[in-house]
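Coordinates as given in run_6.pdb (PDB, C-alpha atoms):
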ATOM      1  CA  MET A   1      24.249 -82.038 -64.559
ATOM      2  CA  THR A   2      20.850 -83.159 -65.734
ATOM      3  CA  PRO A   3      20.848 -84.521 -69.286
ATOM      4  CA  ASP A   4      18.786 -82.405 -71.694
ATOM      5  CA  CYS A   5      16.213 -85.138 -72.122
ATOM      6  CA  VAL A   6      15.145 -85.173 -68.476
ATOM      7  CA  ARG A   7      15.231 -81.454 -67.801
ATOM      8  CA  ARG A   8      12.300 -80.276 -65.722
ATOM      9  CA  SER A   9      11.520 -77.456 -68.163
ATOM     10  CA  SER A  10      13.124 -75.504 -71.007
ATOM     11  CA  CYS A  11      13.210 -72.240 -69.045
ATOM     12  CA  PRO A  12      16.767 -70.856 -69.118
ATOM     13  CA  LEU A  13      16.725 -70.024 -65.412
ATOM     14  CA  SER A  14      15.534 -73.513 -64.543
ATOM     15  CA  ILE A  15      18.303 -75.025 -66.670
ATOM     16  CA  ALA A  16      20.891 -72.701 -65.113
ATOM     17  CA  LEU A  17      19.788 -73.852 -61.657
ATOM     18  CA  GLU A  18      19.926 -77.490 -62.674
ATOM     19  CA  ILE A  19      23.577 -76.845 -63.517
ATOM     20  CA  PHE A  20      24.737 -74.620 -60.659
ATOM     21  CA  GLY A  21      21.790 -74.341 -58.247
ATOM     22  CA  ASP A  22      23.324 -75.656 -55.049
ATOM     23  CA  LYS A  23      25.410 -74.334 -52.182
ATOM     24  CA  TRP A  24      28.815 -75.427 -53.510
ATOM     25  CA  THR A  25      29.181 -75.269 -57.291
ATOM     26  CA  LEU A  26      29.640 -71.505 -57.552
ATOM     27  CA  LEU A  27      32.002 -71.507 -54.565
ATOM     28  CA  ILE A  28      34.324 -73.821 -56.459
ATOM     29  CA  LEU A  29      34.127 -71.425 -59.372
ATOM     30  CA  ARG A  30      34.873 -68.525 -56.985
ATOM     31  CA  ASP A  31      38.052 -70.298 -55.858
ATOM     32  CA  LEU A  32      39.050 -70.988 -59.465
ATOM     33  CA  LEU A  33      38.410 -67.453 -60.677
ATOM     34  CA  PHE A  34      39.360 -65.301 -57.708
ATOM     35  CA  LYS A  35      41.665 -67.356 -55.517
ATOM     36  CA  GLN A  36      43.999 -69.050 -57.977
ATOM     37  CA  ALA A  37      42.826 -72.459 -56.799
ATOM     38  CA  THR A  38      43.624 -75.171 -59.314
ATOM     39  CA  SER A  39      43.829 -78.498 -57.495
ATOM     40  CA  PHE A  40      41.483 -80.626 -55.381
ATOM     41  CA  LYS A  41      43.603 -79.738 -52.363
ATOM     42  CA  ASP A  42      43.243 -76.015 -53.078
ATOM     43  CA  PHE A  43      39.444 -76.275 -53.152
ATOM     44  CA  GLN A  44      39.446 -78.275 -49.932
ATOM     45  CA  ALA A  45      41.446 -75.528 -48.212
ATOM     46  CA  SER A  46      38.619 -72.975 -48.438
ATOM     47  CA  ASP A  47      36.974 -71.561 -45.327
ATOM     48  CA  GLU A  48      33.704 -73.333 -46.053
ATOM     49  CA  GLN A  49      35.328 -76.746 -45.638
ATOM     50  CA  ILE A  50      33.645 -78.612 -48.437
ATOM     51  CA  ALA A  51      33.448 -82.368 -47.858
ATOM     52  CA  SER A  52      35.669 -84.284 -50.250
ATOM     53  CA  ASN A  53      32.835 -86.412 -51.669
ATOM     54  CA  ILE A  54      30.797 -83.285 -52.444
ATOM     55  CA  LEU A  55      33.843 -81.613 -53.975
ATOM     56  CA  ALA A  56      34.568 -84.633 -56.191
ATOM     57  CA  ASP A  57      30.930 -84.747 -57.281
ATOM     58  CA  ARG A  58      30.772 -81.020 -58.089
ATOM     59  CA  LEU A  59      34.076 -81.047 -59.997
ATOM     60  CA  SER A  60      32.870 -83.913 -62.122
ATOM     61  CA  ARG A  61      29.557 -82.111 -62.798
ATOM     62  CA  LEU A  62      31.402 -78.887 -63.627
ATOM     63  CA  SER A  63      33.560 -80.814 -66.104
ATOM     64  CA  ALA A  64      30.554 -82.578 -67.616
ATOM     65  CA  ALA A  65      28.819 -79.216 -68.038
ATOM     66  CA  GLY A  66      31.897 -77.786 -69.805
ATOM     67  CA  ILE A  67      32.407 -75.122 -67.124
ATOM     68  CA  VAL A  68      35.846 -76.346 -66.079
ATOM     69  CA  SER A  69      38.485 -78.328 -67.908
ATOM     70  CA  SER A  70      41.149 -80.460 -66.314
ATOM     71  CA  ALA A  71      44.586 -81.830 -67.113
ATOM     72  CA  ARG A  72      47.317 -83.668 -65.266
ATOM     73  CA  SER A  73      49.920 -81.444 -63.662
ATOM     74  CA  PRO A  74      53.141 -81.327 -65.680
ATOM     75  CA  ASP A  75      55.019 -81.442 -62.352
ATOM     76  CA  ASP A  76      53.178 -84.382 -60.831
ATOM     77  CA  ALA A  77      51.027 -86.658 -62.960
ATOM     78  CA  ARG A  78      49.019 -87.722 -59.904
ATOM     79  CA  VAL A  79      47.689 -84.198 -59.521
ATOM     80  CA  ILE A  80      44.811 -82.939 -61.663
ATOM     81  CA  LEU A  81      44.678 -79.229 -62.323
ATOM     82  CA  TYR A  82      41.397 -77.467 -63.059
ATOM     83  CA  ARG A  83      40.764 -74.259 -64.922
ATOM     84  CA  PRO A  84      37.655 -72.420 -66.072
ATOM     85  CA  THR A  85      36.573 -72.688 -69.716
ATOM     86  CA  SER A  86      35.034 -69.707 -71.543
ATOM     87  CA  LYS A  87      31.651 -71.048 -70.450
ATOM     88  CA  GLY A  88      32.914 -70.940 -66.870
ATOM     89  CA  LEU A  89      34.393 -67.470 -67.247
ATOM     90  CA  ASP A  90      31.045 -66.323 -68.603
ATOM     91  CA  LEU A  91      29.520 -67.053 -65.203
ATOM     92  CA  LEU A  92      31.517 -64.115 -63.804
ATOM     93  CA  PRO A  93      28.552 -61.694 -64.077
ATOM     94  CA  VAL A  94      26.391 -64.092 -62.026
ATOM     95  CA  LEU A  95      29.081 -64.259 -59.332
ATOM     96  CA  VAL A  96      29.586 -60.491 -59.308
ATOM     97  CA  GLU A  97      25.854 -59.752 -58.985
ATOM     98  CA  ALA A  98      25.427 -62.319 -56.211
ATOM     99  CA  ILE A  99      28.400 -60.879 -54.320
ATOM    100  CA  LEU A 100      27.151 -57.285 -54.661
ATOM    101  CA  TRP A 101      23.685 -58.298 -53.511
ATOM    102  CA  ALA A 102      24.923 -60.148 -50.427
ATOM    103  CA  ALA A 103      27.352 -57.362 -49.548
ATOM    104  CA  ARG A 104      24.457 -54.920 -49.701
ATOM    105  CA  TYR A 105      21.985 -56.835 -47.574
ATOM    106  CA  GLU A 106      23.922 -59.214 -45.348
ATOM    107  CA  GLN A 107      26.786 -58.980 -42.891
ATOM    108  CA  THR A 108      29.746 -60.140 -44.938
ATOM    109  CA  ALA A 109      33.507 -59.768 -44.912
ATOM    110  CA  ALA A 110      33.650 -58.497 -48.483
ATOM    111  CA  PRO A 111      36.604 -56.080 -48.800
ATOM    112  CA  ALA A 112      35.271 -52.555 -49.381
ATOM    113  CA  LYS A 113      37.873 -51.862 -52.063
ATOM    114  CA  LEU A 114      36.891 -54.925 -54.077
ATOM    115  CA  LEU A 115      33.190 -54.077 -53.832
ATOM    116  CA  LYS A 116      33.866 -50.536 -54.974
ATOM    117  CA  ARG A 117      35.773 -51.858 -57.983
ATOM    118  CA  MET A 118      32.981 -54.313 -58.842
ATOM    119  CA  ARG A 119      30.376 -51.575 -58.527
ATOM    120  CA  GLU A 120      32.182 -48.769 -60.313
ATOM    121  CA  ASP A 121      34.087 -50.690 -62.954
ATOM    122  CA  ARG A 122      32.251 -53.980 -63.335
ATOM    123  CA  GLU A 123      33.535 -54.603 -66.866
ATOM    124  CA  GLY A 124      37.127 -53.686 -66.029
ATOM    125  CA  PHE A 125      37.063 -55.948 -62.988
ATOM    126  CA  MET A 126      35.794 -58.867 -65.038
ATOM    127  CA  ARG A 127      38.334 -58.216 -67.773
ATOM    128  CA  THR A 128      41.158 -58.434 -65.233
ATOM    129  CA  VAL A 129      39.873 -61.799 -64.028
ATOM    130  CA  ARG A 130      39.475 -63.101 -67.580
ATOM    131  CA  GLU A 131      42.981 -62.041 -68.539
ATOM    132  CA  ARG A 132      44.408 -64.435 -65.988
ATOM    133  CA  PHE A 133      43.021 -67.270 -68.090
ATOM    134  CA  SER A 134      44.205 -66.559 -71.575
ATOM    135  CA  PRO A 135      42.174 -68.509 -74.157
ATOM    136  CA  ARG A 136      45.406 -69.461 -75.934
ATOM    137  CA  SER A 137      46.262 -71.896 -73.138
ATOM    138  CA  GLU A 138      42.700 -73.146 -72.590
ATOM    139  CA  ARG A 139      42.383 -76.887 -72.677
TER     140      ARG A 139
ATOM    141  CA  MET B 140      18.035 -69.357 -44.153
ATOM    142  CA  THR B 141      21.056 -70.029 -42.011
ATOM    143  CA  PRO B 142      21.266 -67.731 -38.984
ATOM    144  CA  ASP B 143      24.304 -65.429 -39.052
ATOM    145  CA  CYS B 144      25.906 -67.204 -36.109
ATOM    146  CA  VAL B 145      26.217 -70.552 -37.880
ATOM    147  CA  ARG B 146      27.235 -69.342 -41.311
ATOM    148  CA  ARG B 147      29.955 -71.435 -42.884
ATOM    149  CA  SER B 148      32.027 -68.344 -43.738
ATOM    150  CA  SER B 149      31.666 -64.581 -44.067
ATOM    151  CA  CYS B 150      32.292 -64.609 -47.831
ATOM    152  CA  PRO B 151      29.443 -62.745 -49.559
ATOM    153  CA  LEU B 152      29.085 -65.411 -52.249
ATOM    154  CA  SER B 153      28.916 -68.150 -49.659
ATOM    155  CA  ILE B 154      26.235 -66.231 -47.754
ATOM    156  CA  ALA B 155      24.298 -65.579 -50.963
ATOM    157  CA  LEU B 156      24.333 -69.315 -51.708
ATOM    158  CA  GLU B 157      23.215 -70.152 -48.199
ATOM    159  CA  ILE B 158      20.187 -67.973 -48.921
ATOM    160  CA  PHE B 159      19.305 -68.891 -52.520
ATOM    161  CA  GLY B 160      21.702 -71.687 -53.522
ATOM    162  CA  ASP B 161      19.289 -74.441 -54.463
ATOM    163  CA  LYS B 162      17.249 -75.503 -57.467
ATOM    164  CA  TRP B 163      13.976 -73.822 -56.465
ATOM    165  CA  THR B 164      14.365 -70.524 -54.615
ATOM    166  CA  LEU B 165      15.203 -68.373 -57.630
ATOM    167  CA  LEU B 166      12.475 -70.077 -59.682
ATOM    168  CA  ILE B 167       9.903 -68.876 -57.156
ATOM    169  CA  LEU B 168      11.378 -65.409 -57.508
ATOM    170  CA  ARG B 169      11.191 -65.754 -61.309
ATOM    171  CA  ASP B 170       7.466 -66.489 -61.049
ATOM    172  CA  LEU B 171       6.958 -63.542 -58.701
ATOM    173  CA  LEU B 172       8.915 -61.077 -60.827
ATOM    174  CA  PHE B 173       8.190 -62.185 -64.379
ATOM    175  CA  LYS B 174       4.990 -64.222 -64.303
ATOM    176  CA  GLN B 175       2.742 -62.252 -61.989
ATOM    177  CA  ALA B 176       2.512 -65.212 -59.629
ATOM    178  CA  THR B 177       1.324 -64.192 -56.185
ATOM    179  CA  SER B 178      -0.269 -67.192 -54.474
ATOM    180  CA  PHE B 179       0.868 -70.669 -53.449
ATOM    181  CA  LYS B 180      -1.367 -72.036 -56.207
ATOM    182  CA  ASP B 181       0.297 -69.810 -58.804
ATOM    183  CA  PHE B 182       3.770 -71.104 -57.865
ATOM    184  CA  GLN B 183       2.536 -74.688 -57.998
ATOM    185  CA  ALA B 184       1.263 -74.156 -61.522
ATOM    186  CA  SER B 185       4.751 -73.671 -62.995
ATOM    187  CA  ASP B 186       6.177 -76.080 -65.558
ATOM    188  CA  GLU B 187       8.779 -77.366 -63.125
ATOM    189  CA  GLN B 188       6.095 -78.801 -60.834
ATOM    190  CA  ILE B 189       7.550 -77.935 -57.487
ATOM    191  CA  ALA B 190       6.427 -80.250 -54.683
ATOM    192  CA  SER B 191       4.158 -78.487 -52.194
ATOM    193  CA  ASN B 192       6.373 -79.245 -49.178
ATOM    194  CA  ILE B 193       9.414 -77.775 -50.947
ATOM    195  CA  LEU B 194       7.398 -74.759 -52.042
ATOM    196  CA  ALA B 195       6.148 -74.130 -48.495
ATOM    197  CA  ASP B 196       9.687 -74.466 -47.146
ATOM    198  CA  ARG B 197      11.181 -72.096 -49.731
ATOM    199  CA  LEU B 198       8.452 -69.479 -49.279
ATOM    200  CA  SER B 199       9.023 -69.478 -45.562
ATOM    201  CA  ARG B 200      12.798 -69.138 -46.066
ATOM    202  CA  LEU B 201      12.263 -66.341 -48.593
ATOM    203  CA  SER B 202      10.082 -64.526 -46.047
ATOM    204  CA  ALA B 203      12.587 -65.088 -43.242
ATOM    205  CA  ALA B 204      15.353 -63.706 -45.465
ATOM    206  CA  GLY B 205      13.264 -60.607 -46.220
ATOM    207  CA  ILE B 206      13.168 -61.373 -49.951
ATOM    208  CA  VAL B 207       9.385 -61.700 -50.140
ATOM    209  CA  SER B 208       6.636 -60.290 -47.996
ATOM    210  CA  SER B 209       3.176 -61.755 -47.593
ATOM    211  CA  ALA B 210      -0.309 -60.627 -46.654
ATOM    212  CA  ARG B 211      -3.777 -62.121 -46.649
ATOM    213  CA  SER B 212      -5.765 -61.558 -49.795
ATOM    214  CA  PRO B 213      -8.367 -58.815 -49.373
ATOM    215  CA  ASP B 214     -10.727 -60.989 -51.425
ATOM    216  CA  ASP B 215     -10.260 -64.228 -49.517
ATOM    217  CA  ALA B 216      -8.593 -64.238 -46.115
ATOM    218  CA  ARG B 217      -7.632 -67.909 -46.539
ATOM    219  CA  VAL B 218      -5.312 -66.979 -49.397
ATOM    220  CA  ILE B 219      -1.857 -65.557 -48.745
ATOM    221  CA  LEU B 220      -0.419 -63.298 -51.412
ATOM    222  CA  TYR B 221       3.333 -62.922 -51.861
ATOM    223  CA  ARG B 222       5.288 -60.068 -53.346
ATOM    224  CA  PRO B 223       8.971 -59.253 -53.682
ATOM    225  CA  THR B 224      10.543 -56.744 -51.276
ATOM    226  CA  SER B 225      13.257 -54.328 -52.451
ATOM    227  CA  LYS B 226      15.788 -56.945 -51.340
ATOM    228  CA  GLY B 227      14.005 -59.431 -53.602
ATOM    229  CA  LEU B 228      13.809 -56.999 -56.515
ATOM    230  CA  ASP B 229      17.534 -56.425 -56.122
ATOM    231  CA  LEU B 230      18.108 -60.058 -57.095
ATOM    232  CA  LEU B 231      16.950 -59.158 -60.619
ATOM    233  CA  PRO B 232      20.545 -58.752 -61.929
ATOM    234  CA  VAL B 233      21.401 -62.251 -60.690
ATOM    235  CA  LEU B 234      18.367 -63.688 -62.505
ATOM    236  CA  VAL B 235      19.102 -61.753 -65.696
ATOM    237  CA  GLU B 236      22.756 -62.863 -65.814
ATOM    238  CA  ALA B 237      21.834 -66.504 -65.130
ATOM    239  CA  ILE B 238      19.191 -66.399 -67.882
ATOM    240  CA  LEU B 239      21.569 -64.835 -70.420
ATOM    241  CA  TRP B 240      24.271 -67.366 -69.573
ATOM    242  CA  ALA B 241      21.970 -70.375 -69.971
ATOM    243  CA  ALA B 242      20.454 -68.996 -73.158
ATOM    244  CA  ARG B 243      23.957 -68.647 -74.572
ATOM    245  CA  TYR B 244      25.255 -72.091 -73.713
ATOM    246  CA  GLU B 245      22.280 -74.407 -73.323
ATOM    247  CA  GLN B 246      19.256 -75.383 -75.359
ATOM    248  CA  THR B 247      16.495 -73.312 -73.832
ATOM    249  CA  ALA B 248      13.117 -71.942 -74.819
ATOM    250  CA  ALA B 249      14.034 -68.364 -73.940
ATOM    251  CA  PRO B 250      12.123 -66.015 -76.278
ATOM    252  CA  ALA B 251      14.613 -64.290 -78.604
ATOM    253  CA  LYS B 252      12.880 -60.931 -78.179
ATOM    254  CA  LEU B 253      13.187 -61.037 -74.401
ATOM    255  CA  LEU B 254      16.849 -62.035 -74.569
ATOM    256  CA  LYS B 255      17.555 -59.202 -76.981
ATOM    257  CA  ARG B 256      15.891 -56.748 -74.598
ATOM    258  CA  MET B 257      17.858 -58.108 -71.609
ATOM    259  CA  ARG B 258      21.102 -57.912 -73.556
ATOM    260  CA  GLU B 259      20.655 -54.539 -75.210
ATOM    261  CA  ASP B 260      18.733 -52.678 -72.543
ATOM    262  CA  ARG B 261      19.434 -54.499 -69.311
ATOM    263  CA  GLU B 262      18.688 -51.485 -67.104
ATOM    264  CA  GLY B 263      15.507 -50.596 -68.960
ATOM    265  CA  PHE B 264      14.282 -54.168 -68.752
ATOM    266  CA  MET B 265      14.892 -54.292 -65.017
ATOM    267  CA  ARG B 266      13.227 -50.904 -64.511
ATOM    268  CA  THR B 267      10.088 -52.190 -66.226
ATOM    269  CA  VAL B 268       9.974 -55.176 -63.906
ATOM    270  CA  ARG B 269      10.558 -53.021 -60.833
ATOM    271  CA  GLU B 270       7.818 -50.601 -61.806
ATOM    272  CA  ARG B 271       5.258 -53.356 -61.485
ATOM    273  CA  PHE B 272       6.000 -53.433 -57.771
ATOM    274  CA  SER B 273       5.770 -49.822 -56.703
ATOM    275  CA  PRO B 274       7.468 -49.316 -53.327
ATOM    276  CA  ARG B 275       4.467 -47.299 -52.176
ATOM    277  CA  SER B 276       2.389 -50.444 -51.890
ATOM    278  CA  GLU B 277       5.172 -52.635 -50.488
ATOM    279  CA  ARG B 278       4.239 -54.472 -47.337
TER     280      ARG B 278
END

Spit out the file's structure as structure tokens when you get a sec.
Amino acid sequence: MTPDCVRRSSCPLSIALEIFGDKWTLLILRDLLFKQATSFKDFQASDEQIASNILADRLSRLSAAGIVSSARSPDDARVILYRPTSKGLDLLPVLVEAILWAARYEQTAAPAKLLKRMREDREGFMRTVRERFSPRSER
Amino acid sequence: MTPDCVRRSSCPLSIALEIFGDKWTLLILRDLLFKQATSFKDFQASDEQIASNILADRLSRLSAAGIVSSARSPDDARVILYRPTSKGLDLLPVLVEAILWAARYEQTAAPAKLLKRMREDREGFMRTVRERFSPRSER
């Protein structure tokens, strides 16, 4: 994350891209929100095969930006578990729109049923995702 | 743009990020859609001061991905004018959601009136933008 003082402009889109404008950051969020990934190992297991140095860098930027929070696993103190904050959950609409756009114009393996749900009941779909991360237990 | 054959996965979000996941591509689209930018010079004039080699690279990727089209200026054949295609216009929801997210969580200079319009009449706002690029004259 770029500190406020050295931001290239005060345009909201520019700032958004300084935070998540790369090929990996939103994929980590995808795994957190849609694939129940919580640990470093989980993120590494994705099809895109993120390099571990890039993953470590992006997780630390996501934490610094307040998009994910982390805590040691109660079962194994060596393991850090990540979860989205409200700020992270509020990126859901960006993910959904990007997914719908790609599914429309590119050859993807997006499941038709999921796309239909996103298209026809966007709010309901997002609510279901949010409910998995109840604010009560947010760290 | 990554050719289909070497894509890192068939996930729609991953493919979307292979196309526009960087700090500059969507800013060029912002200038095209919201700031009436059409020429290389126009894009260079933005606050973020994109380097000309990056700008040239991104414009050529945007063309290859079918997100912008280009044609020589009728007034000066040395000047190339860019405009969004329907595929480019269909990235509007991604831009709008990213802008609203950043305006909510970061210190930005987003005009309150514009944000209000995007929030309260998202579809109407996008229609107004689209109307500036009538499909009739799309190249």

Exercise. The ChimeraX specification (/B :<8) & /A on the file shown: which residues, as a ChimeraX atom specification?
Worked result: /A:4,8-18,21-24,27,47-48,87,90-91,93-95,97-103,105-110

Problem set entry | Pairwise distance for CA of Tyr221 (chain B) and CA of Phe179 (chain B), rounded to one decimal in Å | 8.3 Å

Quick one: chain A onto chain B, least squares on all Cα paired in order, result as an mmCIF file with C-alpha atoms, in the coordinates of the input?
data_model
loop_
_atom_site.group_PDB
_atom_site.id
_atom_site.type_symbol
_atom_site.label_atom_id
_atom_site.label_comp_id
_atom_site.auth_asym_id
_atom_site.auth_seq_id
_atom_site.Cartn_x
_atom_site.Cartn_y
_atom_site.Cartn_z
ATOM 1 C CA MET A 1 18.066 -69.365 -44.216
ATOM 2 C CA THR A 2 21.074 -70.026 -42.047
ATOM 3 C CA PRO A 3 21.272 -67.759 -38.999
ATOM 4 C CA ASP A 4 24.301 -65.446 -39.053
ATOM 5 C CA CYS A 5 25.888 -67.218 -36.118
ATOM 6 C CA VAL A 6 26.218 -70.567 -37.880
ATOM 7 C CA ARG A 7 27.216 -69.332 -41.311
ATOM 8 C CA ARG A 8 29.949 -71.422 -42.881
ATOM 9 C CA SER A 9 32.019 -68.336 -43.725
ATOM 10 C CA SER A 10 31.665 -64.564 -44.066
ATOM 11 C CA CYS A 11 32.287 -64.599 -47.824
ATOM 12 C CA PRO A 12 29.439 -62.739 -49.558
ATOM 13 C CA LEU A 13 29.084 -65.397 -52.248
ATOM 14 C CA SER A 14 28.912 -68.145 -49.647
ATOM 15 C CA ILE A 15 26.230 -66.226 -47.748
ATOM 16 C CA ALA A 16 24.295 -65.570 -50.965
ATOM 17 C CA LEU A 17 24.332 -69.303 -51.703
ATOM 18 C CA GLU A 18 23.213 -70.148 -48.193
ATOM 19 C CA ILE A 19 20.178 -67.976 -48.919
ATOM 20 C CA PHE A 20 19.306 -68.893 -52.505
ATOM 21 C CA GLY A 21 21.704 -71.686 -53.517
ATOM 22 C CA ASP A 22 19.283 -74.438 -54.454
ATOM 23 C CA LYS A 23 17.258 -75.491 -57.472
ATOM 24 C CA TRP A 24 13.977 -73.824 -56.465
ATOM 25 C CA THR A 25 14.364 -70.532 -54.604
ATOM 26 C CA LEU A 26 15.197 -68.387 -57.629
ATOM 27 C CA LEU A 27 12.466 -70.077 -59.677
ATOM 28 C CA ILE A 28 9.901 -68.873 -57.167
ATOM 29 C CA LEU A 29 11.376 -65.414 -57.511
ATOM 30 C CA ARG A 30 11.191 -65.757 -61.320
ATOM 31 C CA ASP A 31 7.463 -66.498 -61.051
ATOM 32 C CA LEU A 32 6.957 -63.546 -58.703
ATOM 33 C CA LEU A 33 8.908 -61.085 -60.826
ATOM 34 C CA PHE A 34 8.188 -62.194 -64.376
ATOM 35 C CA LYS A 35 4.991 -64.222 -64.297
ATOM 36 C CA GLN A 36 2.715 -62.256 -61.990
ATOM 37 C CA ALA A 37 2.497 -65.214 -59.626
ATOM 38 C CA THR A 38 1.330 -64.179 -56.178
ATOM 39 C CA SER A 39 -0.258 -67.180 -54.477
ATOM 40 C CA PHE A 40 0.860 -70.676 -53.461
ATOM 41 C CA LYS A 41 -1.364 -72.048 -56.212
ATOM 42 C CA ASP A 42 0.298 -69.815 -58.810
ATOM 43 C CA PHE A 43 3.759 -71.099 -57.874
ATOM 44 C CA GLN A 44 2.537 -74.686 -57.986
ATOM 45 C CA ALA A 45 1.256 -74.152 -61.533
ATOM 46 C CA SER A 46 4.747 -73.667 -62.995
ATOM 47 C CA ASP A 47 6.176 -76.077 -65.550
ATOM 48 C CA GLU A 48 8.775 -77.373 -63.116
ATOM 49 C CA GLN A 49 6.091 -78.807 -60.835
ATOM 50 C CA ILE A 50 7.554 -77.938 -57.481
ATOM 51 C CA ALA A 51 6.424 -80.254 -54.682
ATOM 52 C CA SER A 52 4.169 -78.486 -52.209
ATOM 53 C CA ASN A 53 6.371 -79.242 -49.184
ATOM 54 C CA ILE A 54 9.412 -77.782 -50.960
ATOM 55 C CA LEU A 55 7.393 -74.755 -52.045
ATOM 56 C CA ALA A 56 6.141 -74.135 -48.494
ATOM 57 C CA ASP A 57 9.681 -74.465 -47.154
ATOM 58 C CA ARG A 58 11.174 -72.089 -49.741
ATOM 59 C CA LEU A 59 8.434 -69.474 -49.275
ATOM 60 C CA SER A 60 9.011 -69.477 -45.553
ATOM 61 C CA ARG A 61 12.793 -69.135 -46.068
ATOM 62 C CA LEU A 62 12.265 -66.335 -48.591
ATOM 63 C CA SER A 63 10.080 -64.523 -46.052
ATOM 64 C CA ALA A 64 12.576 -65.086 -43.243
ATOM 65 C CA ALA A 65 15.348 -63.706 -45.458
ATOM 66 C CA GLY A 66 13.263 -60.589 -46.222
ATOM 67 C CA ILE A 67 13.169 -61.362 -49.955
ATOM 68 C CA VAL A 68 9.391 -61.692 -50.138
ATOM 69 C CA SER A 69 6.625 -60.282 -47.993
ATOM 70 C CA SER A 70 3.177 -61.741 -47.591
ATOM 71 C CA ALA A 71 -0.317 -60.629 -46.651
ATOM 72 C CA ARG A 72 -3.778 -62.135 -46.639
ATOM 73 C CA SER A 73 -5.768 -61.559 -49.802
ATOM 74 C CA PRO A 74 -8.364 -58.813 -49.379
ATOM 75 C CA ASP A 75 -10.741 -60.992 -51.432
ATOM 76 C CA ASP A 76 -10.249 -64.224 -49.519
ATOM 77 C CA ALA A 77 -8.603 -64.248 -46.109
ATOM 78 C CA ARG A 78 -7.625 -67.903 -46.538
ATOM 79 C CA VAL A 79 -5.321 -66.977 -49.396
ATOM 80 C CA ILE A 80 -1.857 -65.550 -48.746
ATOM 81 C CA LEU A 81 -0.420 -63.295 -51.404
ATOM 82 C CA TYR A 82 3.329 -62.913 -51.859
ATOM 83 C CA ARG A 83 5.285 -60.070 -53.362
ATOM 84 C CA PRO A 84 8.973 -59.256 -53.685
ATOM 85 C CA THR A 85 10.544 -56.744 -51.289
ATOM 86 C CA SER A 86 13.261 -54.329 -52.462
ATOM 87 C CA LYS A 87 15.779 -56.949 -51.350
ATOM 88 C CA GLY A 88 14.000 -59.427 -53.612
ATOM 89 C CA LEU A 89 13.811 -56.999 -56.517
ATOM 90 C CA ASP A 90 17.535 -56.421 -56.119
ATOM 91 C CA LEU A 91 18.110 -60.045 -57.096
ATOM 92 C CA LEU A 92 16.950 -59.158 -60.623
ATOM 93 C CA PRO A 93 20.536 -58.742 -61.927
ATOM 94 C CA VAL A 94 21.405 -62.254 -60.689
ATOM 95 C CA LEU A 95 18.370 -63.677 -62.500
ATOM 96 C CA VAL A 96 19.110 -61.749 -65.693
ATOM 97 C CA GLU A 97 22.760 -62.865 -65.804
ATOM 98 C CA ALA A 98 21.834 -66.492 -65.132
ATOM 99 C CA ILE A 99 19.196 -66.404 -67.875
ATOM 100 C CA LEU A 100 21.577 -64.825 -70.411
ATOM 101 C CA TRP A 101 24.267 -67.362 -69.583
ATOM 102 C CA ALA A 102 21.969 -70.369 -69.967
ATOM 103 C CA ALA A 103 20.452 -68.989 -73.165
ATOM 104 C CA ARG A 104 23.957 -68.638 -74.563
ATOM 105 C CA TYR A 105 25.258 -72.084 -73.706
ATOM 106 C CA GLU A 106 22.293 -74.413 -73.315
ATOM 107 C CA GLN A 107 19.267 -75.395 -75.358
ATOM 108 C CA THR A 108 16.507 -73.314 -73.825
ATOM 109 C CA ALA A 109 13.126 -71.949 -74.820
ATOM 110 C CA ALA A 110 14.041 -68.373 -73.945
ATOM 111 C CA PRO A 111 12.130 -66.018 -76.284
ATOM 112 C CA ALA A 112 14.609 -64.301 -78.618
ATOM 113 C CA LYS A 113 12.893 -60.937 -78.195
ATOM 114 C CA LEU A 114 13.178 -61.052 -74.412
ATOM 115 C CA LEU A 115 16.849 -62.042 -74.576
ATOM 116 C CA LYS A 116 17.565 -59.212 -76.979
ATOM 117 C CA ARG A 117 15.904 -56.757 -74.601
ATOM 118 C CA MET A 118 17.862 -58.114 -71.620
ATOM 119 C CA ARG A 119 21.110 -57.913 -73.568
ATOM 120 C CA GLU A 120 20.654 -54.539 -75.221
ATOM 121 C CA ASP A 121 18.736 -52.671 -72.552
ATOM 122 C CA ARG A 122 19.451 -54.507 -69.318
ATOM 123 C CA GLU A 123 18.687 -51.494 -67.117
ATOM 124 C CA GLY A 124 15.494 -50.590 -68.969
ATOM 125 C CA PHE A 125 14.281 -54.175 -68.758
ATOM 126 C CA MET A 126 14.886 -54.285 -65.022
ATOM 127 C CA ARG A 127 13.223 -50.917 -64.524
ATOM 128 C CA THR A 128 10.074 -52.194 -66.235
ATOM 129 C CA VAL A 129 9.969 -55.189 -63.901
ATOM 130 C CA ARG A 130 10.554 -53.021 -60.830
ATOM 131 C CA GLU A 131 7.808 -50.605 -61.807
ATOM 132 C CA ARG A 132 5.254 -53.371 -61.489
ATOM 133 C CA PHE A 133 6.005 -53.437 -57.773
ATOM 134 C CA SER A 134 5.756 -49.862 -56.672
ATOM 135 C CA PRO A 135 7.477 -49.322 -53.305
ATOM 136 C CA ARG A 136 4.483 -47.276 -52.139
ATOM 137 C CA SER A 137 2.403 -50.446 -51.817
ATOM 138 C CA GLU A 138 5.214 -52.633 -50.451
ATOM 139 C CA ARG A 139 4.318 -54.435 -47.280
#

Exercise. Which residues fall under the PyMOL selection byres ((chain B and resi 209) around 7) in this file, as a list in words?
Worked result: Val207, Ser208, Ala210, Ile219, Leu220, Tyr221 and Arg222 of chain B

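Between Lys113 (chain A) and the residues A:Phe125, A:Gln36, A:Asp75, A:Ser60, the shortest atom-to-atom distance, using only C-alpha atoms, involves A:Phe125.
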
Around all listed atoms of region 159-172 of chain B, padded 4 Å per side, what centre and edge lengths does the axis-aligned box have in Å to one decimal, as AutoDock Vina command-line options?
--center_x 14.3 --center_y -68.3 --center_z -56.9 --size_x 22.7 --size_y 22.4 --size_z 16.8
